[in-house]
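Note sheet for the following structure.
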Amino acid sequence: MDFTAKQISEFLKGEIEGDPHVSVHTISKIEEAQKGSLTFLANPAYTQFIYNTGASIVLVNRDFKAEKPVKSTLIKVENAYNALAQLLSLYEKSLPQKKGISSLAFVAQSAKLGKDLYVGEFTVIDEGAVIEDNVKIYPQCYIASDVTIKSGSVLYPGVKVYQNCVIGNGCTIHSGAIIGADGFGFAPQNDNNYMKVAQIGNVILEDHVEIGANTTIDRATMGSTIIKKGVKLDNLIQVAHNVTIGENTVIAAQSGIAGSSKVGKNCMIGGQVGISGHISVGDDVKIAAQSGLSSSIRKGKIIMGSPAFDHDKYVKAYIHFRNFEKLIKKVDDLEKTIAELKSENT
Amino acid sequence: MDFTAKQISEFLKGEIEGDPHVSVHTISKIEEAQKGSLTFLANPAYTQFIYNTGASIVLVNRDFKAEKPVKSTLIKVENAYNALAQLLSLYEKSLPQKKGISSLAFVAQSAKLGKDLYVGEFTVIDEGAVIEDNVKIYPQCYIASDVTIKSGSVLYPGVKVYQNCVIGNGCTIHSGAIIGADGFGFAPQNDNNYMKVAQIGNVILEDHVEIGANTTIDRATMGSTIIKKGVKLDNLIQVAHNVTIGENTVIAAQSGIAGSSKVGKNCMIGGQVGISGHISVGDDVKIAAQSGLSSSIRKGKIIMGSPAFDHDKYVKAYIHFRNFEKLIKKVDDLEKTIAELKSENT
Amino acid sequence: MDFTAKQISEFLKGEIEGDPHVSVHTISKIEEAQKGSLTFLANPAYTQFIYNTGASIVLVNRDFKAEKPVKSTLIKVENAYNALAQLLSLYEKSLPQKKGISSLAFVAQSAKLGKDLYVGEFTVIDEGAVIEDNVKIYPQCYIASDVTIKSGSVLYPGVKVYQNCVIGNGCTIHSGAIIGADGFGFAPQNDNNYMKVAQIGNVILEDHVEIGANTTIDRATMGSTIIKKGVKLDNLIQVAHNVTIGENTVIAAQSGIAGSSKVGKNCMIGGQVGISGHISVGDDVKIAAQSGLSSSIRKGKIIMGSPAFDHDKYVKAYIHFRNFEKLIKKVDDLEKTIAELKSENT
């Protein structure tokens with residue numbers, strides 16, 4: 001399946017610089033690209049590679065100015081990364097798609113199945129579950145009783161969804177993700193034992209949510225743990241019971257949010273971040289990787305540290321921390337000087 | 001299934017304030033509760049909601065004094081959270097329970113199965129495994145050869161238990177937990193390669209242990225990794241080979257304990273904590289979230305930081321860290337003043 | 001299966017001190033060993049136990065000198081830990097081995113299967129997959145289309161390998177590990193939504209790689225995420241898209257490496273470490289547990305902290321941090337003294 005620069009440029013509404021007849025059959029990274037492949041340049045750190053890349057076509061931002069000759073044909077677009085995403089998506093859709101309900105899946109009698117489904121081998125769809133049209137459920141998934149999975153969602157192999165949970169339209173859930181396991185709730189007893197607090201709520205993923213591999217989202221004690229529209233969670237993230245995550249918030253791998261906390265919309269949260277229970281994070285907040293948030297934080301803040309505070313203030317304090325030895329020496333020197341002054345004065 | 005305030009109060013040995021004939025059919029959070037639902041008030045931070053809640057019944061602690069009129073019927077009990085836990089448990093037990101051995105499970109010939117079991121679809125129970133009475137094993141679990149699962153335990157979908165491990169009575173293991181994978185043991189060789197050290201021990205969970213989703217507990221090199229009676233582990237926790245965790249210790253999500261360390265009983269360990277290998281943590285120790293423990297710690301200590309030390313001392317030191325810029329300025333000012341004094345003196 | 005000290009010593013090319021005819025049937029830890037078991041002493045912290053151990057045989061380093069009488073027969077070897085590893089490996093190989101292709105597995109028609117395989121129940125091997133000789137795939141694994149698994153590799157129950165990934169010779173992958181899920185790539189749009197960037201690359205594990213339980217390794221956006229020969233990854237680790245990890249590098253549990261970073265060979269990385277995206281880590285680097293690396297680091301460095309810097313410098317700075325209160329007091333005292341000196345001078 002070859003495409004010419006002309007065809008691609010027309011699809012992307014771009015502008016060609018170079019040979020419009022050169023053709024490509026694959027997509028590669030700029031530093032590895034060979035003849036016959038298309039690549040892109042979006043991150044300025046990679047600009048050096050454009051002058052030597054073997055790629056036949058390079059997508060660049062409209063404002064890109066070559067400082068040396070470029071052998072590849074350029075296609076100039078508004079946003080090279082977006083354009084690449086469009087092409088990758090097209091490429092992926094051109095691959096063979098899974099379909100049909102495997103005779104080796106187990107579908108309970110009262111489950112309701114929509115049209116144009118894929119249900120893989122050894123998947124279980126339990127009583128009362130509702131699977132809407134165009135859903136893909138790969139092998140070895142478990143869809144508990146009374147779960148709803150809305151139209152167009154994809155569950156990769158081994159996803160487990162506990163009873164009563166709701167997966168919105170167009171969601172993507174990667175292998176090993178666990179949706180709706182019990183929240184971590186125990187009532188301490190007088191003899192140091194704990195009594196388990198049954199977790200009777202559920203998890204709701206709204207539309208277009210993506211959940212990474214082996215991420216866990218616990219069901220609410222009562223009510224719902226809610227992941228709103230457009231949220232993207234990376235791998236190995238923990239979301240505790242009764243948490244709410246606002247629209248289009250993005251969280252990197254291995255972060256955790258403790259029980260009942262509310263995260264606003266459009267937040268960007270780095271990897272390995274911890275957010276304490278029963279607090280709130282305003283909209284548009286940015287949290288640096290490995291930070292720990294122990295109290296509520298207002299809209300738009302950028303924070304860092306454990307416990308976290310203002311990002312810029314943290315960075316400055318940390319420079320002083322790195323140079324702590326110098327400060328100690330300086331104070332010791334001052335102490336000596338003062339002692340001398342004092343003895344001179346007496 | 002409706003219950004009146006009178007019935008519930010008798011069950012909980014509580015005291016009614018308000019209409020004893022009002023009835024409820026569900027349990028909700030105080031801020032979301034509607035007519036027909038029961039709720040509770042235990043955390044003082046939520047007291048404000050009791051004056052406007054739509055709940056028909058609210059469980060409160062016996063010492064609760066309303067400061068404004070409350071529309072709901074109150075049931076006063078010794079401990080509202082415990083009382084709630086009792087009702088939630090009752091509610092959960094009233095739901096339909098899974099039972100029977102699916103014809104789509106694989107049970108090896110030499111496995112011994114007790115009475116009143118649930119074994120779900122596509123679960124494997126291998127040679128020599130012993131499953132005692134009243135155990136529930138959901139679909140897609142793997143119970144390796146010679147594993148024992150004692151009476152009343154529940155394994156949710158996709159739990160994997162490697163060979164020879166022992167699960168005690170009344171344990172709960174959530175989806176994706178891996179019990180008994182190889183410990184991380186490699187002997188460095190002269191050429192920078194590593195030789196794998198075979199892990200021939202096992203994992204023992206004592207009674208009433210709860211293991212969260214996607215938590216991993218590695219088998220011992222030799223002997224056993226032991227999780228004692230009543231321990232509660234949240235999601236995505238790592239427990240390395242030959243670790244022992246003492247009775248009723250509770251650990252929040254994403255914490256990790258390295259090889260051969262011993263954690264005491266009744267400890268409370270926050271989320272994302274790391275504990276180094278070959279150290280011991282005394283009984284009743286509390287460790288703040290994201291702390292890192294690199295040496296042994298005695299009974300009853302409360303610690304924070306990475307590396308962790310006394311909690312209160314850490315909090316104070318961290319306040320100074322946040323204000324580092326001020327300290328630096330102060331020292332610079334002192335330096336100037338001293339320089340002036342010195343020049344005056346000469 | 002009993003072995004005498006003489007037989008074991010000959011196998012290990014060791015030297016006996018004590019009764020060569022004493023025999024053992026199992027391997028135990030030195031502090032728990034009973035009559036009939038063999039143990040070892042490698043870590044000096046455990047030397048105390050050799051004088052009271054019940055073990056019949058103890059492997060010790062050739063330079064071990066007993067300071068008190070030892071009841072056990074000693075076998076002196078070049079490296080006691082290596083010798084133990086050899087015996088454990090022998091012991092493990094003597095256990096019954098899984099073999100055959102379960103009639104309850106699903107193997108697609110176009111998959112190519114080698115000789116002497118084990119394929120467990122409810123495993124799926126999809127179209128075009130190539131499984132070479134002597135591979136063991138336990139139950140409930142998913143091998144997607146066009147995956148290659150080379151000779152002698154072992155996949156424990158529930159491993160999921162997405163399409164086109166390559167597993168080298170002699171690899172070990174533990175339960176719940178996810179190889180090849182989508183990298184976390186989203187192109188931000190004007191309305192705060194994100195467009196998913198399709199991930200069309202793959203993951204390549206070279207030979208003799210070990211992957212821990214529930215570890216996730218994402219496929220590349222384009223090209224390959226590469227885990228080189230001899231790398232050992234512990235449990236619950238996150239490896240993002242387009243990462244490369246160099247030969248024989250060892251990473252402890254719950255660490256994460258963000259997108260496109262390159263880690264050198266022979267590195268030792270502690271638990272819960274975070275490595276930012278698009279940076280490089282030189283060969284032979286050591287990173288302390290819980291550290292966070294935010295910029296590239298050269299060959300051979302030993303680092304600690306978040307953000308991480310020189311290990312020894314960090315340790316010193318942290319001692320000052322612990323004693324921050326004292327420094328503040330000292331500076332306050334100096335301030336007073338200076339104020340006094342100043343008033344005296346005027």
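Labels for the structure tokens follow display order: chains A, B, ..., residues from 1 in each chain, ligands from 1.
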Exercise. When the cut-off is 8 Å and we count only C-alpha atoms, which residues of chain B are near chain C, given as a PyMOL selection string?
Worked result: chain B and resi 106+122+124+140+142+158+160+176+178+181-182+184+187+192-200+214+216+222-223+236+238+254+256+274+292+306+313-314+316-317+320-321+327+331+334+337-338+341
For this session: Give the strand (DSSP E) residues of stretch 5-52 of chain C, as DSSP finds them on the backbone, and put them as a ChimeraX atom specification.
Result: /C:15-17,23-24,26-27,37-41
For this session: Quote the spacing between atom CA of C:His278 and atom CA of C:Gly183 in Å to one decimal place.
Result: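 Distance reported for this atom pair: 14.0 Å.
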For this session: Determine which residues of stretch 194-336 of chain A receive a DSSP assignment of helix (DSSP H, G or I), computed from the backbone, and state them as a PyMOL selection string.
Result: chain A and resi 311-322+324-336
For this session: Find the spatial neighbours of A:Phe3, counting only C-alpha atoms, within a cut-off of 8 Å - ignore same-chain residues fewer than 5 positions away - and output them as JSON, numbers by chain.
Result: {"A": [8, 23, 24, 25]}
Exercise. Which polymer residues have any atom within 7 Å of an atom of A:Ser153, counting only C-alpha atoms, with same-chain residues fewer than 6 positions away left out, as a list in words?
Worked result: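 So the residues in contact are Val135, Lys136, Asn169, Gly170, Cys171 and Thr172 of chain A.
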Residues just named, written with N, CA, C and O atoms as a CSV table (one decimal), in the first residue's frame:
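Result file is out_34.csv:
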```
chain,number,residue,atom,x,y,z
A,135,VAL,N,-18.4,-2.9,20.0
A,135,VAL,CA,-17.5,-3.1,21.1
A,135,VAL,C,-16.6,-4.3,20.7
A,135,VAL,O,-17.0,-5.3,20.1
A,136,LYS,N,-15.3,-4.1,21.1
A,136,LYS,CA,-14.3,-5.2,20.9
A,136,LYS,C,-13.8,-5.7,22.3
A,136,LYS,O,-13.3,-4.9,23.0
A,169,ASN,N,-18.8,5.3,26.0
A,169,ASN,CA,-18.6,5.1,24.5
A,169,ASN,C,-17.1,5.4,24.2
A,169,ASN,O,-16.5,6.3,24.7
A,170,GLY,N,-16.6,4.6,23.3
A,170,GLY,CA,-15.3,4.8,22.7
A,170,GLY,C,-14.2,4.8,23.7
A,170,GLY,O,-13.1,5.5,23.5
A,171,CYS,N,-14.3,4.0,24.8
A,171,CYS,CA,-13.2,3.9,25.7
A,171,CYS,C,-12.2,2.8,25.2
A,171,CYS,O,-12.6,1.9,24.5
A,172,THR,N,-11.0,2.9,25.7
A,172,THR,CA,-9.9,1.9,25.4
A,172,THR,C,-9.4,1.5,26.8
A,172,THR,O,-8.9,2.3,27.5
```
Exercise. So what do you get for atom CA of C:Phe40 versus atom CA of B:Gly201, distance-wise?
Worked result: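 Between atom CA of C:Phe40 and atom CA of B:Gly201 the gap works out to 15.3 Å.
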Problem set entry | Neighbour list for A:Arg298 as number ranges by chain, cut-off 8 Å, only C-alpha atoms, skip fewer than 4 positions in-chain | A: 281-283, 285
For this session: Determine, counting only C-alpha atoms, which protein, DNA and RNA residues have an atom within 6 Å of an atom of B:Tyr118; residues of the same chain fewer than 2 positions away are not included. Present the result as a PyMOL selection string.
Result: chain B and resi 99-101+136-137
Atoms to include: N, CA and C atoms. Write the selected residues as a PDB file, in the first residue's frame.
```
ATOM      1  N   LYS B  99     -22.372 -19.794  42.806  1.00  0.00           N
ATOM      2  CA  LYS B  99     -22.051 -21.141  43.302  1.00  0.00           C
ATOM      3  C   LYS B  99     -21.933 -22.174  42.178  1.00  0.00           C
ATOM      4  N   GLY B 100     -21.416 -23.329  42.525  1.00  0.00           N
ATOM      5  CA  GLY B 100     -21.267 -24.400  41.547  1.00  0.00           C
ATOM      6  C   GLY B 100     -19.925 -24.370  40.847  1.00  0.00           C
ATOM      7  N   ILE B 101     -19.616 -25.503  40.232  1.00  0.00           N
ATOM      8  CA  ILE B 101     -18.341 -25.625  39.513  1.00  0.00           C
ATOM      9  C   ILE B 101     -18.646 -25.598  38.034  1.00  0.00           C
ATOM     10  N   LYS B 136     -14.722 -19.538  47.048  1.00  0.00           N
ATOM     11  CA  LYS B 136     -15.208 -19.017  45.755  1.00  0.00           C
ATOM     12  C   LYS B 136     -13.999 -18.649  44.902  1.00  0.00           C
ATOM     13  N   ILE B 137     -13.899 -19.299  43.747  1.00  0.00           N
ATOM     14  CA  ILE B 137     -12.829 -18.964  42.807  1.00  0.00           C
ATOM     15  C   ILE B 137     -13.487 -18.497  41.515  1.00  0.00           C
TER      16      ILE B 137
END
```
Problem set entry | Long-range neighbours of stretch 53-62 of chain C as a list in words, 7 Å cut-off, only C-alpha atoms, 6 positions minimum in chain |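 The residues satisfying every condition are Ala5, Val22, Val24, Ile30, Glu31, Ala33, Gln34, Lys35, Gly36, Ser37, Leu38, Thr39, Phe40, Leu41, Ala42, Ser72, Thr73, Leu74, Ile75, Lys76, Val77, Glu78, Asn79 and Ala80 of chain C.
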